[in-house]
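Asks: Have a peek at start.tsv (TSV, C-alpha atoms (C1' of nucleotides)).
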```
chain	number	residue	atom	x	y	z
A	10	MET	CA	-78.50	60.42	-76.14
A	11	SER	CA	-75.10	58.91	-75.38
A	12	ASN	CA	-74.39	61.44	-72.68
A	13	ASN	CA	-76.98	60.14	-70.27
A	14	GLN	CA	-76.11	56.61	-71.16
A	15	LEU	CA	-72.47	57.18	-70.33
A	16	LYS	CA	-73.38	58.89	-67.08
A	17	ALA	CA	-75.60	55.96	-66.13
A	18	ILE	CA	-72.86	53.46	-66.90
A	19	VAL	CA	-70.25	55.25	-64.85
A	20	GLU	CA	-72.59	55.66	-61.94
A	21	ARG	CA	-73.66	52.05	-61.94
A	22	ILE	CA	-70.04	51.01	-61.90
A	23	GLU	CA	-69.22	53.36	-59.09
A	24	ALA	CA	-72.18	52.18	-57.05
A	25	LEU	CA	-71.05	48.58	-57.36
A	26	GLU	CA	-67.49	49.50	-56.51
A	27	ASP	CA	-68.76	51.18	-53.39
A	28	ASP	CA	-70.61	48.02	-52.44
A	29	LYS	CA	-67.50	46.02	-53.07
A	30	ALA	CA	-65.45	48.31	-50.87
A	31	ILE	CA	-67.98	48.00	-48.08
A	32	ILE	CA	-67.79	44.24	-48.22
A	33	ALA	CA	-64.01	44.34	-48.25
A	34	GLU	CA	-64.25	46.49	-45.16
A	35	GLY	CA	-66.43	43.86	-43.56
A	36	ILE	CA	-63.90	41.16	-44.31
A	37	LYS	CA	-61.18	43.24	-42.77
A	38	ASP	CA	-63.32	43.71	-39.69
A	39	ILE	CA	-63.73	39.98	-39.30
A	40	TYR	CA	-59.98	39.48	-39.41
A	41	THR	CA	-59.54	42.22	-36.84
A	42	GLU	CA	-62.15	40.72	-34.58
A	43	ALA	CA	-60.65	37.26	-35.01
A	44	LYS	CA	-57.27	38.63	-34.10
A	45	SER	CA	-58.64	40.12	-30.90
A	46	ASN	CA	-59.94	36.63	-30.14
A	47	GLY	CA	-56.49	35.17	-30.47
A	48	PHE	CA	-56.54	33.92	-34.07
A	49	ASP	CA	-53.57	34.83	-36.20
A	50	PRO	CA	-54.94	36.72	-39.24
A	51	LYS	CA	-52.07	35.66	-41.43
A	52	ILE	CA	-52.74	32.00	-40.85
A	53	LEU	CA	-56.48	32.53	-41.25
A	54	LYS	CA	-55.81	34.04	-44.65
A	55	GLN	CA	-53.75	31.02	-45.60
A	56	ILE	CA	-56.60	28.76	-44.57
A	57	VAL	CA	-59.11	30.67	-46.63
A	58	ALA	CA	-56.79	30.74	-49.64
A	59	LEU	CA	-56.15	27.03	-49.33
A	60	ARG	CA	-59.82	26.17	-49.21
A	61	LYS	CA	-60.49	28.27	-52.25
A	62	LYS	CA	-57.71	26.76	-54.29
A	63	ASP	CA	-58.38	23.87	-56.60
A	64	ALA	CA	-57.14	20.65	-55.06
A	65	ALA	CA	-55.69	19.25	-58.25
A	66	LYS	CA	-53.67	22.37	-58.81
A	67	VAL	CA	-52.35	22.23	-55.28
A	68	ALA	CA	-51.13	18.71	-55.84
A	69	GLU	CA	-49.52	19.62	-59.12
A	70	GLU	CA	-47.67	22.57	-57.65
A	71	LYS	CA	-46.48	20.46	-54.76
A	72	VAL	CA	-44.90	17.99	-57.15
A	73	LEU	CA	-43.20	20.74	-59.10
A	74	LEU	CA	-41.82	22.42	-56.02
A	75	ALA	CA	-40.57	19.10	-54.69
A	76	THR	CA	-38.84	18.47	-58.00
A	77	TYR	CA	-37.08	21.82	-57.93
A	78	MET	CA	-36.08	21.47	-54.33
A	79	ASP	CA	-34.77	18.01	-54.95
A	80	ALA	CA	-32.69	19.38	-57.78
A	81	LEU	CA	-31.22	21.86	-55.33
A	82	GLY	CA	-30.62	19.19	-52.72
A	83	MET	CA	-33.00	20.94	-50.39
A	84	LEU	CA	-35.64	18.32	-49.95
A	85	ALA	CA	-34.32	15.21	-48.26
A	86	ASP	CA	-36.12	14.58	-44.99
A	87	THR	CA	-35.78	18.03	-43.59
A	88	PRO	CA	-38.59	19.83	-41.83
A	89	LEU	CA	-37.71	22.83	-43.93
A	90	GLY	CA	-38.33	20.85	-47.05
A	91	GLN	CA	-41.64	19.60	-45.81
A	92	ALA	CA	-42.57	23.10	-44.84
A	93	ALA	CA	-41.78	24.18	-48.35
A	94	ILE	CA	-44.13	21.65	-49.79
A	95	GLU	CA	-46.84	22.71	-47.42
A	96	ARG	CA	-46.12	26.27	-48.34
A	97	VAL	CA	-47.13	25.68	-51.93
A	98	SER	CA	-50.64	24.95	-50.87
A	99	ARG	CA	-50.74	28.29	-49.19
A	100	SER	CA	-49.54	30.37	-52.08
B	13	MET	CA	-59.20	26.85	-28.97
B	14	SER	CA	-62.79	26.67	-30.13
B	15	ASN	CA	-63.15	24.75	-33.37
B	16	ASN	CA	-66.62	26.12	-33.83
B	17	GLN	CA	-65.42	29.65	-33.45
B	18	LEU	CA	-62.73	29.10	-36.05
B	19	LYS	CA	-65.22	27.48	-38.37
B	20	ALA	CA	-67.61	30.38	-37.98
B	21	ILE	CA	-64.89	32.91	-38.73
B	22	VAL	CA	-63.74	31.14	-41.85
B	23	GLU	CA	-67.27	30.71	-43.10
B	24	ARG	CA	-68.18	34.33	-42.53
B	25	ILE	CA	-65.11	35.41	-44.46
B	26	GLU	CA	-65.89	33.05	-47.29
B	27	ALA	CA	-69.48	34.25	-47.48
B	28	LEU	CA	-68.36	37.85	-47.78
B	29	GLU	CA	-65.76	36.97	-50.35
B	30	ASP	CA	-68.44	35.26	-52.38
B	31	ASP	CA	-70.51	38.43	-52.22
B	32	LYS	CA	-67.53	40.44	-53.27
B	33	ALA	CA	-66.88	38.16	-56.21
B	34	ILE	CA	-70.49	38.44	-57.32
B	35	ILE	CA	-70.29	42.20	-57.30
B	36	ALA	CA	-67.04	42.15	-59.21
B	37	GLU	CA	-68.80	39.97	-61.74
B	38	GLY	CA	-71.55	42.54	-61.99
B	39	ILE	CA	-69.02	45.27	-62.68
B	40	LYS	CA	-67.47	43.21	-65.41
B	41	ASP	CA	-70.91	42.68	-66.92
B	42	ILE	CA	-71.52	46.39	-67.06
B	43	TYR	CA	-68.30	46.93	-68.94
B	44	THR	CA	-69.21	44.19	-71.36
B	45	GLU	CA	-72.65	45.60	-71.90
B	46	ALA	CA	-71.25	49.10	-72.32
B	47	LYS	CA	-68.81	47.79	-74.90
B	48	SER	CA	-71.64	46.31	-76.91
B	49	ASN	CA	-73.21	49.77	-76.85
B	50	GLY	CA	-70.12	51.34	-78.33
B	51	PHE	CA	-68.32	52.47	-75.18
B	52	ASP	CA	-64.68	51.49	-75.01
B	53	PRO	CA	-64.18	49.61	-71.69
B	54	LYS	CA	-60.60	50.72	-71.42
B	55	ILE	CA	-61.56	54.36	-71.56
B	56	LEU	CA	-64.47	53.82	-69.22
B	57	LYS	CA	-62.12	52.29	-66.73
B	58	GLN	CA	-59.80	55.23	-66.97
B	59	ILE	CA	-62.68	57.62	-66.41
B	60	VAL	CA	-63.81	55.75	-63.34
B	61	ALA	CA	-60.26	55.60	-62.03
B	62	LEU	CA	-59.78	59.28	-62.64
B	63	ARG	CA	-62.94	60.22	-60.80
B	64	LYS	CA	-61.95	58.07	-57.86
B	65	LYS	CA	-58.51	59.61	-57.81
B	66	ASP	CA	-59.94	63.09	-57.90
B	67	ALA	CA	-62.30	62.32	-55.06
B	68	ALA	CA	-59.45	61.02	-52.96
B	69	LYS	CA	-57.40	64.06	-53.81
B	70	VAL	CA	-60.08	66.45	-52.63
B	71	ALA	CA	-60.42	64.50	-49.41
B	72	GLU	CA	-56.74	64.70	-48.61
B	73	GLU	CA	-56.08	68.17	-49.92
B	74	LYS	CA	-56.05	69.66	-46.45
B	75	VAL	CA	-53.59	67.03	-45.30
B	76	LEU	CA	-51.38	67.76	-48.26
B	77	LEU	CA	-51.48	71.46	-47.56
B	78	ALA	CA	-50.48	70.88	-43.96
B	79	THR	CA	-47.58	68.76	-45.13
B	80	TYR	CA	-46.39	71.49	-47.38
B	81	MET	CA	-46.60	74.02	-44.62
B	82	ASP	CA	-44.38	71.74	-42.56
B	83	ALA	CA	-42.02	71.15	-45.43
B	84	LEU	CA	-41.62	74.85	-45.95
B	85	GLY	CA	-40.29	75.04	-42.45
B	86	MET	CA	-37.42	72.86	-43.67
B	87	LEU	CA	-37.12	74.50	-47.02
B	88	ALA	CA	-36.93	78.14	-46.06
B	89	ASP	CA	-37.45	80.23	-49.17
B	90	THR	CA	-35.86	78.10	-51.81
B	91	PRO	CA	-36.85	77.46	-55.40
B	92	LEU	CA	-37.96	73.98	-54.45
B	93	GLY	CA	-40.15	75.41	-51.73
B	94	GLN	CA	-41.58	77.97	-54.11
B	95	ALA	CA	-42.40	75.25	-56.58
B	96	ALA	CA	-44.14	73.37	-53.81
B	97	ILE	CA	-46.26	76.36	-52.95
B	98	GLU	CA	-47.24	76.75	-56.57
B	99	ARG	CA	-48.11	73.13	-56.77
B	100	VAL	CA	-50.45	73.36	-53.83
B	101	SER	CA	-52.27	76.25	-55.38
B	102	ARG	CA	-52.69	74.28	-58.59
B	103	SER	CA	-54.02	71.09	-57.10
C	9	MET	CA	-34.08	19.31	-66.04
C	10	SER	CA	-30.65	20.71	-65.38
C	11	ASN	CA	-29.85	20.98	-61.71
C	12	ASN	CA	-26.98	23.29	-62.42
C	13	GLN	CA	-29.15	25.56	-64.45
C	14	LEU	CA	-31.70	25.80	-61.66
C	15	LYS	CA	-29.00	26.40	-59.11
C	16	ALA	CA	-27.51	29.15	-61.23
C	17	ILE	CA	-30.87	30.85	-61.63
C	18	VAL	CA	-31.62	30.83	-57.93
C	19	GLU	CA	-28.19	32.10	-57.07
C	20	ARG	CA	-28.33	34.92	-59.58
C	21	ILE	CA	-31.66	36.01	-58.17
C	22	GLU	CA	-30.38	35.86	-54.63
C	23	ALA	CA	-27.30	37.87	-55.52
C	24	LEU	CA	-29.40	40.62	-57.05
C	25	GLU	CA	-31.75	40.62	-54.11
C	26	ASP	CA	-28.79	41.06	-51.83
C	27	ASP	CA	-27.69	44.03	-53.88
C	28	LYS	CA	-31.15	45.46	-53.71
C	29	ALA	CA	-31.26	45.04	-49.95
C	30	ILE	CA	-27.93	46.81	-49.60
C	31	ILE	CA	-29.20	49.75	-51.59
C	32	ALA	CA	-32.38	49.89	-49.56
C	33	GLU	CA	-30.19	49.98	-46.49
C	34	GLY	CA	-28.31	52.90	-47.94
C	35	ILE	CA	-31.53	54.78	-48.52
C	36	LYS	CA	-32.57	54.19	-44.95
C	37	ASP	CA	-29.22	55.48	-43.78
C	38	ILE	CA	-29.70	58.70	-45.69
C	39	TYR	CA	-33.05	59.27	-44.06
C	40	THR	CA	-31.53	58.62	-40.66
C	41	GLU	CA	-28.68	60.97	-41.28
C	42	ALA	CA	-31.04	63.63	-42.62
C	43	LYS	CA	-33.17	63.29	-39.54
C	44	SER	CA	-30.18	63.92	-37.33
C	45	ASN	CA	-29.63	67.09	-39.35
C	46	GLY	CA	-33.11	68.30	-38.60
C	47	PHE	CA	-34.99	67.08	-41.68
C	48	ASP	CA	-38.21	65.23	-40.98
C	49	PRO	CA	-37.96	61.84	-42.74
C	50	LYS	CA	-41.68	61.64	-43.22
C	51	ILE	CA	-41.77	64.89	-45.13
C	52	LEU	CA	-38.66	63.98	-47.09
C	53	LYS	CA	-40.37	60.80	-48.17
C	54	GLN	CA	-43.37	62.73	-49.31
C	55	ILE	CA	-41.21	65.08	-51.32
C	56	VAL	CA	-39.46	62.20	-53.02
C	57	ALA	CA	-42.77	60.48	-53.73
C	58	LEU	CA	-44.24	63.68	-55.09
C	59	ARG	CA	-41.33	64.27	-57.43
C	60	LYS	CA	-41.56	60.72	-58.72
C	61	LYS	CA	-45.29	61.06	-59.23
C	62	ASP	CA	-44.83	64.30	-61.09
C	63	ALA	CA	-42.23	62.76	-63.34
C	64	ALA	CA	-44.57	59.92	-64.16
C	65	LYS	CA	-47.36	62.36	-64.77
C	66	VAL	CA	-45.36	64.33	-67.30
C	67	ALA	CA	-44.41	61.13	-69.06
C	68	GLU	CA	-47.98	59.97	-69.42
C	69	GLU	CA	-49.55	63.32	-70.10
C	70	LYS	CA	-49.75	62.58	-73.78
C	71	VAL	CA	-51.39	59.25	-73.07
C	72	LEU	CA	-53.91	60.94	-70.84
C	73	LEU	CA	-54.67	63.50	-73.49
C	74	ALA	CA	-55.16	60.77	-76.04
C	75	THR	CA	-57.51	58.98	-73.69
C	76	TYR	CA	-59.59	62.08	-73.32
C	77	MET	CA	-59.69	62.62	-77.03
C	78	ASP	CA	-60.96	59.07	-77.39
C	79	ALA	CA	-63.44	59.55	-74.60
C	80	LEU	CA	-64.78	62.60	-76.33
C	81	GLY	CA	-65.58	60.40	-79.26
C	82	MET	CA	-67.88	58.48	-76.94
C	83	LEU	CA	-69.15	61.53	-75.18
C	84	ALA	CA	-70.16	63.73	-78.05
C	85	ASP	CA	-70.39	67.31	-76.83
C	86	THR	CA	-71.73	66.86	-73.34
C	87	PRO	CA	-71.04	68.72	-70.10
C	88	LEU	CA	-69.02	65.77	-68.89
C	89	GLY	CA	-66.94	65.92	-72.00
C	90	GLN	CA	-66.41	69.61	-71.58
C	91	ALA	CA	-65.29	69.09	-68.02
C	92	ALA	CA	-62.87	66.49	-69.27
C	93	ILE	CA	-61.37	68.90	-71.73
C	94	GLU	CA	-60.91	71.47	-69.01
C	95	ARG	CA	-59.28	68.92	-66.79
C	96	VAL	CA	-56.75	68.05	-69.42
C	97	SER	CA	-55.77	71.66	-69.86
C	98	ARG	CA	-55.27	71.98	-66.13
C	99	SER	CA	-53.13	68.91	-65.54
D	30	MET	CA	-27.40	76.64	-46.11
D	31	SER	CA	-30.22	74.16	-45.60
D	32	ASN	CA	-31.45	74.57	-49.15
D	33	ASN	CA	-28.49	72.89	-50.79
D	34	GLN	CA	-28.38	70.28	-48.09
D	35	LEU	CA	-31.99	69.35	-48.73
D	36	LYS	CA	-31.40	69.22	-52.45
D	37	ALA	CA	-28.41	66.95	-51.94
D	38	ILE	CA	-30.38	64.63	-49.69
D	39	VAL	CA	-33.26	64.30	-52.10
D	40	GLU	CA	-30.96	63.68	-55.02
D	41	ARG	CA	-28.95	61.04	-53.21
D	42	ILE	CA	-32.13	59.24	-52.33
D	43	GLU	CA	-33.42	59.41	-55.86
D	44	ALA	CA	-30.16	58.12	-57.25
D	45	LEU	CA	-30.25	55.10	-54.97
D	46	GLU	CA	-33.87	54.45	-55.77
D	47	ASP	CA	-32.99	54.44	-59.44
D	48	ASP	CA	-30.30	51.89	-58.77
D	49	LYS	CA	-32.74	49.81	-56.83
D	50	ALA	CA	-35.26	49.92	-59.66
D	51	ILE	CA	-32.64	48.81	-62.14
D	52	ILE	CA	-31.76	45.82	-60.01
D	53	ALA	CA	-35.42	44.94	-59.59
D	54	GLU	CA	-35.66	45.03	-63.36
D	55	GLY	CA	-32.76	42.63	-63.57
D	56	ILE	CA	-34.45	40.22	-61.22
D	57	LYS	CA	-37.59	40.30	-63.30
D	58	ASP	CA	-35.51	39.59	-66.38
D	59	ILE	CA	-34.04	36.51	-64.78
D	60	TYR	CA	-37.49	35.17	-63.99
D	61	THR	CA	-38.57	35.84	-67.56
D	62	GLU	CA	-35.52	34.11	-68.96
D	63	ALA	CA	-35.98	31.20	-66.58
D	64	LYS	CA	-39.57	30.85	-67.70
D	65	SER	CA	-38.52	30.68	-71.33
D	66	ASN	CA	-36.20	27.86	-70.28
D	67	GLY	CA	-39.10	25.94	-68.80
D	68	PHE	CA	-38.88	26.93	-65.15
D	69	ASP	CA	-42.10	28.02	-63.50
D	70	PRO	CA	-41.46	31.53	-62.11
D	71	LYS	CA	-44.03	31.07	-59.38
D	72	ILE	CA	-42.28	28.03	-58.00
D	73	LEU	CA	-38.91	29.70	-58.34
D	74	LYS	CA	-40.20	32.57	-56.24
D	75	GLN	CA	-41.34	30.12	-53.59
D	76	ILE	CA	-37.91	28.55	-53.55
D	77	VAL	CA	-36.19	31.88	-53.14
D	78	ALA	CA	-38.63	33.00	-50.45
D	79	LEU	CA	-38.21	29.76	-48.60
D	80	ARG	CA	-34.45	29.95	-48.59
D	81	LYS	CA	-34.61	33.49	-47.30
D	82	LYS	CA	-37.10	32.81	-44.59
D	83	ASP	CA	-35.95	32.08	-41.12
D	84	ALA	CA	-36.15	28.36	-40.58
D	85	ALA	CA	-37.55	28.58	-37.08
D	86	LYS	CA	-40.34	30.85	-38.20
D	87	VAL	CA	-41.25	28.46	-40.97
D	88	ALA	CA	-41.62	25.66	-38.49
D	89	GLU	CA	-43.66	27.79	-36.14
D	90	GLU	CA	-46.09	28.92	-38.80
D	91	LYS	CA	-46.41	25.39	-40.04
D	92	VAL	CA	-47.48	24.16	-36.64
D	93	LEU	CA	-50.04	26.89	-36.31
D	94	LEU	CA	-51.46	26.23	-39.74
D	95	ALA	CA	-51.65	22.52	-39.03
D	96	THR	CA	-53.47	23.24	-35.80
D	97	TYR	CA	-56.07	25.39	-37.48
D	98	MET	CA	-56.53	22.95	-40.31
D	99	ASP	CA	-56.92	20.13	-37.89
D	100	ALA	CA	-59.58	22.11	-36.08
D	101	LEU	CA	-61.41	22.43	-39.37
D	102	GLY	CA	-61.03	18.75	-40.15
D	103	MET	CA	-59.03	19.57	-43.24
D	104	LEU	CA	-55.91	17.72	-42.39
D	105	ALA	CA	-56.87	14.36	-40.99
D	106	ASP	CA	-57.38	12.48	-44.23
D	107	THR	CA	-54.22	13.53	-46.05
D	108	PRO	CA	-51.18	11.30	-45.58
D	109	LEU	CA	-48.87	14.13	-46.49
D	110	GLY	CA	-50.42	16.24	-43.81
D	111	GLN	CA	-49.96	13.48	-41.25
D	112	ALA	CA	-46.36	13.08	-42.19
D	113	ALA	CA	-45.87	16.80	-41.94
D	114	ILE	CA	-47.24	16.96	-38.45
D	115	GLU	CA	-45.17	14.03	-37.29
D	116	ARG	CA	-42.11	15.53	-38.81
D	117	VAL	CA	-42.61	18.76	-36.95
D	118	SER	CA	-43.10	17.07	-33.64
D	119	ARG	CA	-39.84	15.24	-34.13
D	120	SER	CA	-37.83	18.26	-35.16
E	28	DC	C1'	-46.01	46.25	-29.16
E	29	DA	C1'	-50.04	46.99	-31.81
E	30	DC	C1'	-51.42	50.27	-35.66
E	31	DT	C1'	-51.14	52.82	-39.68
E	32	DG	C1'	-49.29	54.06	-43.93
E	33	DG	C1'	-46.55	53.19	-47.82
E	34	DA	C1'	-43.60	49.99	-50.61
E	35	DA	C1'	-43.35	45.49	-52.78
E	36	DA	C1'	-45.22	41.36	-54.60
E	37	DA	C1'	-48.86	38.63	-56.52
E	38	DT	C1'	-52.95	37.98	-58.80
E	39	DG	C1'	-56.17	38.52	-62.54
E	40	DC	C1'	-57.62	40.76	-66.75
E	41	DC	C1'	-56.94	42.62	-71.06
E	42	DG	C1'	-54.95	42.95	-75.43
E	43	DC	C1'	-52.40	40.68	-79.23
F	24	DG	C1'	-51.69	31.43	-74.96
F	25	DC	C1'	-48.59	34.79	-73.57
F	26	DG	C1'	-47.01	39.30	-72.12
F	27	DG	C1'	-48.15	43.76	-70.20
F	28	DC	C1'	-50.85	46.32	-67.24
F	29	DA	C1'	-53.93	47.45	-63.38
F	30	DT	C1'	-55.74	46.10	-59.28
F	31	DT	C1'	-55.43	43.82	-55.16
F	32	DT	C1'	-53.11	41.84	-51.48
F	33	DT	C1'	-49.17	41.31	-48.53
F	34	DC	C1'	-45.40	42.91	-46.08
F	35	DC	C1'	-42.68	45.99	-43.27
F	36	DA	C1'	-40.83	50.04	-41.26
F	37	DG	C1'	-42.01	53.97	-38.51
F	38	DT	C1'	-45.02	55.81	-34.75
F	39	DG	C1'	-47.51	56.49	-30.52
```
Could you write out this file's structure as structure tokens?
Replies:
Amino acid sequence: MSNNQLKAIVERIEALEDDKAIIAEGIKDIYTEAKSNGFDPKILKQIVALRKKDAAKVAEEKVLLATYMDALGMLADTPLGQAAIERVSRS
Amino acid sequence: MSNNQLKAIVERIEALEDDKAIIAEGIKDIYTEAKSNGFDPKILKQIVALRKKDAAKVAEEKVLLATYMDALGMLADTPLGQAAIERVSRS
Amino acid sequence: MSNNQLKAIVERIEALEDDKAIIAEGIKDIYTEAKSNGFDPKILKQIVALRKKDAAKVAEEKVLLATYMDALGMLADTPLGQAAIERVSRS
Amino acid sequence: MSNNQLKAIVERIEALEDDKAIIAEGIKDIYTEAKSNGFDPKILKQIVALRKKDAAKVAEEKVLLATYMDALGMLADTPLGQAAIERVSRS
DNA sequence: CACTGGAAAATGCCGC
DNA sequence: GCGGCATTTTCCAGTG
């Protein structure tokens, strides 16, 4: 009967979501531990995000950002401009 | 700074994030399977969300009650305060 | 690409964000002032949040009801379904 | 009496929050409009964020990120990365 | 001055 | 493929 089936579905989902939450907790713990060892969690997150991101897409976004910034006269040879380009790879 | 330490941190995070992604995939699969059995995924999601919300609500009910007790100290016996009291008794 | 167009877009966004920041400042000021008059900002915030939540709840009550009606189509007449019906009448 | 005072406070806050929400809406509209004119909203957001961000902080974060990446061997083989590092050390 | 909680922004998923 | 929505993630002010 559909009743038991529904119950089973909901419970399976909830079990997996619990697992997911536990893992997320674990990730958080690692960041906390890393922080207590002197690593900046924010930067660590940027590293992880960068490694995950597709390289081609990173390059493409860099070009686009550079184009926009150039249009605004922001790019030139300024450290700020360079930082902006780098920033794309982090986003 | 220890390069190896940094490497270990990043890799541990990435491993856990992989696990998390796999579980998320599993959840998605359940919804898909449920759909093929005639259960509307959208409604299922709402049911799951509702149950989670309710669980959280029960857990924090005592906190909420305490807050209201405090608030009533500010409110004196005003209509707003009365409404608050009623709300607590309903939740 | 039109440099002027881009410049205009960015400037319009920044102008609005300034406005938004000013308003946020004003809100903060009210909390500060209230605090100096003996109102606990934390509780005030909770009251405001609660009222907003309630407003949203009223607005979506019909949606929620519809969801439950749909869910009952999946559920047939099961205990879970019955509980759902009761929940709707309580909320 | 404190009742009216509380009511006034809450209502002033809510009024300002409404204003804030309206402005936020306006910002979103601009992004939408810009997108329909061929501007990538994501990049636009990066531009706006960059302009807002304190320049010194940008530089500082950039150095830290470069350091971490270097430790992971991620940076060495990218000319852009090299240029970025050199640029920072000059600035 | 680090921590927690809540607001804001960003991402990803779902439907058309 | 795009827009809207929900979830997740990020940020920031308040607190001890």
Asks: So how far away is CA of Glu26 (chain B) from CA of Gly102 (chain D), in Å?
Replies: 16.7 Å
Asks: Could you give me, as CSV, a per-residue list for chain E showing, wherever an atom lies at most 12 Å from an atom of chain C, the closest pair of atoms and their distance in Å to one decimal, using only C-alpha atoms (C1' of nucleotides) and sorting by chain then residue number from low to high?
Replies:
```
residue,atom,partner,partner_atom,distance
E:DG32,C1',C:Lys50,CA,10.8
E:DG33,C1',C:Lys53,CA,9.8
E:DA34,C1',C:Ala57,CA,11.0
```
Asks: Write the residues of the preceding selection, restricted to C-alpha atoms (C1' of nucleotides), as a compact mmCIF listing (two decimals), in the coordinates of the input.
Replies:
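Generated output (again_16.txt):
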```txt
# COMPACT_ATOMS: atom_id res chain seq x y z
C1' DG E 32 -49.29 54.06 -43.93
C1' DG E 33 -46.55 53.19 -47.82
C1' DA E 34 -43.60 49.99 -50.61
```
Asks: Hey, could you make a per-residue contact list for chain F against chain B with 12 Å as the cut-off, showing the nearest pair of atoms and its distance in Å to one decimal, counting all atoms listed in the file, sorted by chain and number, as JSON lines?
Replies:
```
{"residue": "F:DC28", "atom": "C1'", "partner": "B:Lys54", "partner_atom": "CA", "distance": 11.5}
{"residue": "F:DA29", "atom": "C1'", "partner": "B:Lys57", "partner_atom": "CA", "distance": 10.1}
{"residue": "F:DT30", "atom": "C1'", "partner": "B:Ala61", "partner_atom": "CA", "distance": 10.9}
```
Asks: Could you save those same residues with C-alpha atoms (C1' of nucleotides) as a PDB file, in the coordinates of the input?
Replies:
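To be explicit, this is the file written out as result.pdb:
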```
ATOM      1  C1'  DC F  28     -50.850  46.320 -67.240  1.00  0.00           C
ATOM      2  C1'  DA F  29     -53.930  47.450 -63.380  1.00  0.00           C
ATOM      3  C1'  DT F  30     -55.740  46.100 -59.280  1.00  0.00           C
TER       4       DT F  30
END
```
Asks: Quick one: which residues from chain B are at most 9 Å off chain A, using all atoms listed in the file, as a short mmCIF file (atom, residue, chain, number, x, y, z; two decimals) with C-alpha atoms, in the coordinates of the input?
Replies:
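Now in out-v7.cif:
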```
data_model
loop_
_atom_site.label_atom_id
_atom_site.label_comp_id
_atom_site.auth_asym_id
_atom_site.auth_seq_id
_atom_site.Cartn_x
_atom_site.Cartn_y
_atom_site.Cartn_z
CA MET B 13 -59.20 26.85 -28.97
CA LEU B 18 -62.73 29.10 -36.05
CA ILE B 21 -64.89 32.91 -38.73
CA VAL B 22 -63.74 31.14 -41.85
CA GLU B 23 -67.27 30.71 -43.10
CA ARG B 24 -68.18 34.33 -42.53
CA ILE B 25 -65.11 35.41 -44.46
CA GLU B 26 -65.89 33.05 -47.29
CA LEU B 28 -68.36 37.85 -47.78
CA GLU B 29 -65.76 36.97 -50.35
CA ASP B 31 -70.51 38.43 -52.22
CA LYS B 32 -67.53 40.44 -53.27
CA ALA B 33 -66.88 38.16 -56.21
CA ILE B 35 -70.29 42.20 -57.30
CA ALA B 36 -67.04 42.15 -59.21
CA GLY B 38 -71.55 42.54 -61.99
CA ILE B 39 -69.02 45.27 -62.68
CA LYS B 40 -67.47 43.21 -65.41
CA ILE B 42 -71.52 46.39 -67.06
CA TYR B 43 -68.30 46.93 -68.94
CA ALA B 46 -71.25 49.10 -72.32
CA PHE B 51 -68.32 52.47 -75.18
CA LEU B 56 -64.47 53.82 -69.22
CA LYS B 57 -62.12 52.29 -66.73
CA ILE B 59 -62.68 57.62 -66.41
CA VAL B 60 -63.81 55.75 -63.34
CA LYS B 64 -61.95 58.07 -57.86
#
```
Asks: Neighbourhood query: residues within 8 Å of (-44.6, 46.3, -51.5), file coordinates, counting only C-alpha atoms (C1' of nucleotides); return as a list in words.
Replies: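 Every polymer residue passing the test: DA34, DA35 and DA36 of chain E; DT33 and DC34 of chain F.
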Asks: If we count only C-alpha atoms (C1' of nucleotides) and set the cut-off at 12 Å, which residues sit around DT31 (chain E), ignoring sequence neighbours fewer than 4 positions away in its own chain? Please answer as a list in words.
Replies: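 Contacts, in chain order: DC35, DA36, DG37, DT38 and DG39 of chain F.
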Asks: Each side padded by 8 Å, which centre and which edge lengths in Å (one decimal) define the axis-aligned box around the listed atoms of region 69-86 of chain A? Give them as JSON.
Replies:
```
{"center_x": -40.1, "center_y": 18.6, "center_z": -52.1, "size_x": 34.9, "size_y": 24.0, "size_z": 30.1}
```
Asks: So how many Å separate CA of Asn11 (chain C) and CA of Asp79 (chain A), to one decimal?
Replies: 8.9 Å
Asks: Can you work out the spacing between C1' of DG24 (chain F) and CA of Gln55 (chain A) in Å, to one decimal?
Replies: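 These atoms are spaced 29.4 Å apart.
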Asks: Write out as a PyMOL selection string which residues come within 12 Å of DG27 (chain F) when counting all atoms listed in the file, dropping same-chain ones fewer than 3 positions away.
Replies: chain E and resi 40-43
Asks: A:Thr41, A:Glu69, A:Ala17, A:Leu59: which is nearest DC30 (chain E), counting only C-alpha atoms (C1' of nucleotides)?
Replies: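 Closest to DC30 (chain E) of all the choices is A:Thr41.
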